[in-house]
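The next block is input.tsv, given as TSV, C-alpha atoms.
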chain	number	residue	atom	x	y	z
A	18	MET	CA	0.00	0.00	0.00
A	19	PRO	CA	1.43	3.40	-0.92
A	20	ASP	CA	2.45	5.78	1.82
A	21	LYS	CA	-0.08	8.42	2.66
A	22	GLY	CA	0.73	11.48	0.61
A	23	ALA	CA	2.83	9.54	-1.89
A	24	MET	CA	2.63	10.71	-5.48
A	25	THR	CA	0.84	8.54	-8.02
A	26	VAL	CA	2.44	7.69	-11.33
A	27	ARG	CA	-0.03	9.98	-13.06
A	28	GLU	CA	0.84	12.88	-10.76
A	29	ALA	CA	4.56	12.28	-11.21
A	30	GLY	CA	4.17	12.24	-14.99
A	31	ARG	CA	2.16	15.45	-14.96
A	32	LYS	CA	4.70	17.14	-12.70
A	33	GLY	CA	7.58	16.02	-14.93
A	34	GLY	CA	5.79	17.17	-18.07
A	35	ARG	CA	5.16	20.60	-16.61
A	36	ALA	CA	8.77	20.91	-15.50
A	37	THR	CA	9.99	19.91	-18.98
A	38	LYS	CA	7.65	22.42	-20.59
A	39	ALA	CA	8.87	25.17	-18.25
A	40	ARG	CA	12.51	24.29	-18.91
A	41	HIS	CA	12.38	23.76	-22.68
A	42	GLY	CA	9.21	25.50	-23.87
A	43	PRO	CA	6.51	24.28	-26.26
A	44	GLU	CA	8.93	24.32	-29.20
A	45	PHE	CA	10.69	21.34	-27.62
A	46	TYR	CA	7.53	19.24	-27.95
A	47	GLU	CA	7.02	20.41	-31.54
A	48	SER	CA	10.58	19.39	-32.36
A	49	ILE	CA	10.43	15.92	-30.83
A	50	GLY	CA	7.00	15.31	-32.40
A	51	ARG	CA	8.33	16.27	-35.83
A	52	LYS	CA	11.39	14.03	-35.40
A	53	GLY	CA	9.18	11.13	-34.34
A	54	GLY	CA	6.88	11.64	-37.31
A	55	GLU	CA	9.80	11.72	-39.73
A	56	THR	CA	11.26	8.55	-38.24
A	57	THR	CA	7.89	6.79	-38.48
A	58	LYS	CA	7.51	7.91	-42.09
A	59	LYS	CA	10.98	6.57	-42.99
A	60	ARG	CA	10.37	3.32	-41.17
A	61	HIS	CA	6.85	2.55	-42.39
A	62	GLY	CA	6.24	4.71	-45.47
A	63	PRO	CA	3.16	6.63	-46.59
A	64	LYS	CA	0.99	3.50	-46.82
A	65	PHE	CA	1.21	3.23	-43.03
A	66	TYR	CA	-0.48	6.61	-42.61
A	67	GLU	CA	-3.17	5.65	-45.11
A	68	ARG	CA	-3.84	2.44	-43.19
A	69	ILE	CA	-4.06	4.04	-39.75
A	70	GLY	CA	-6.15	6.90	-41.13
A	71	ARG	CA	-8.63	4.44	-42.59
A	72	LYS	CA	-8.80	2.54	-39.28
A	73	GLY	CA	-9.44	5.78	-37.42
A	74	GLY	CA	-12.21	6.75	-39.82
A	75	GLN	CA	-13.84	3.34	-39.48
A	76	ARG	CA	-13.79	3.62	-35.70
A	77	VAL	CA	-15.33	7.08	-35.77
A	78	ARG	CA	-18.10	5.78	-38.05
A	79	GLN	CA	-18.80	2.92	-35.61
A	80	LEU	CA	-19.00	5.30	-32.66
A	81	VAL	CA	-21.37	7.64	-34.50
A	82	GLN	CA	-23.63	4.72	-35.43
A	83	GLN	CA	-23.62	3.47	-31.82
A	84	ALA	CA	-24.52	6.93	-30.55
A	85	LYS	CA	-27.39	7.22	-33.05
A	86	ARG	CA	-28.74	3.80	-32.05
A	87	ALA	CA	-28.49	4.69	-28.37
A	88	GLN	CA	-30.24	8.00	-28.96
A	89	ARG	CA	-33.09	6.32	-30.84
A	90	GLY	CA	-33.49	3.80	-28.05
A	91	ALA	CA	-33.37	6.31	-25.22
A	92	PRO	CA	-36.74	7.12	-23.63
A	93	GLY	CA	-38.10	10.57	-24.39
A	94	THR	CA	-36.12	11.05	-27.61
A	95	PRO	CA	-37.76	11.11	-31.03
A	96	GLY	CA	-36.86	8.26	-33.28
Spell out the structure here as structure tokens.
Amino acid sequence: MPDKGAMTVREAGRKGGRATKARHGPEFYESIGRKGGETTKKRHGPKFYERIGRKGGQRVRQLVQQAKRAQRGAPGTPG
């Protein structure tokens, strides 16, 4: 059992992220994001982005359909 007052992993991560942002600024995150994107592009190619984009779109469509079905089935809503 954690000690009373001990920091959770989530709190520690948030604190570290804020300290990094204060030390390096938002440009640091832009830079590392760009480098990561370039590395991913070199490693997997443009087809990778097409594939994950399609998967994301399919998931959004599923969630919209689920929400519409739930709304139609909810009491007091037209449908």
Quick one, how far is CA of Ile69 (chain A) from CA of Thr57 (chain A)?
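A separation of 12.3 Å between them.
The spacing separating CA of Tyr66 (chain A) from CA of Gly54 (chain A) amounts to 10.4 Å.
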To one decimal in Å, tell me the separation between CA of Gly34 (chain A) and CA of Lys59 (chain A).
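Answer for the CA of Gly34 (chain A) to CA of Lys59 (chain A) separation: 27.6 Å.
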Using only the atoms of region 80-87 of chain A listed in the file, plus 8 Å on each side, state the axis-aligned box centre and edge lengths in Å rounded to one decimal, as lines of an AutoDock Vina configuration file.
center_x = -23.9
center_y = 5.6
center_z = -31.9
size_x = 25.7
size_y = 20.2
size_z = 23.1
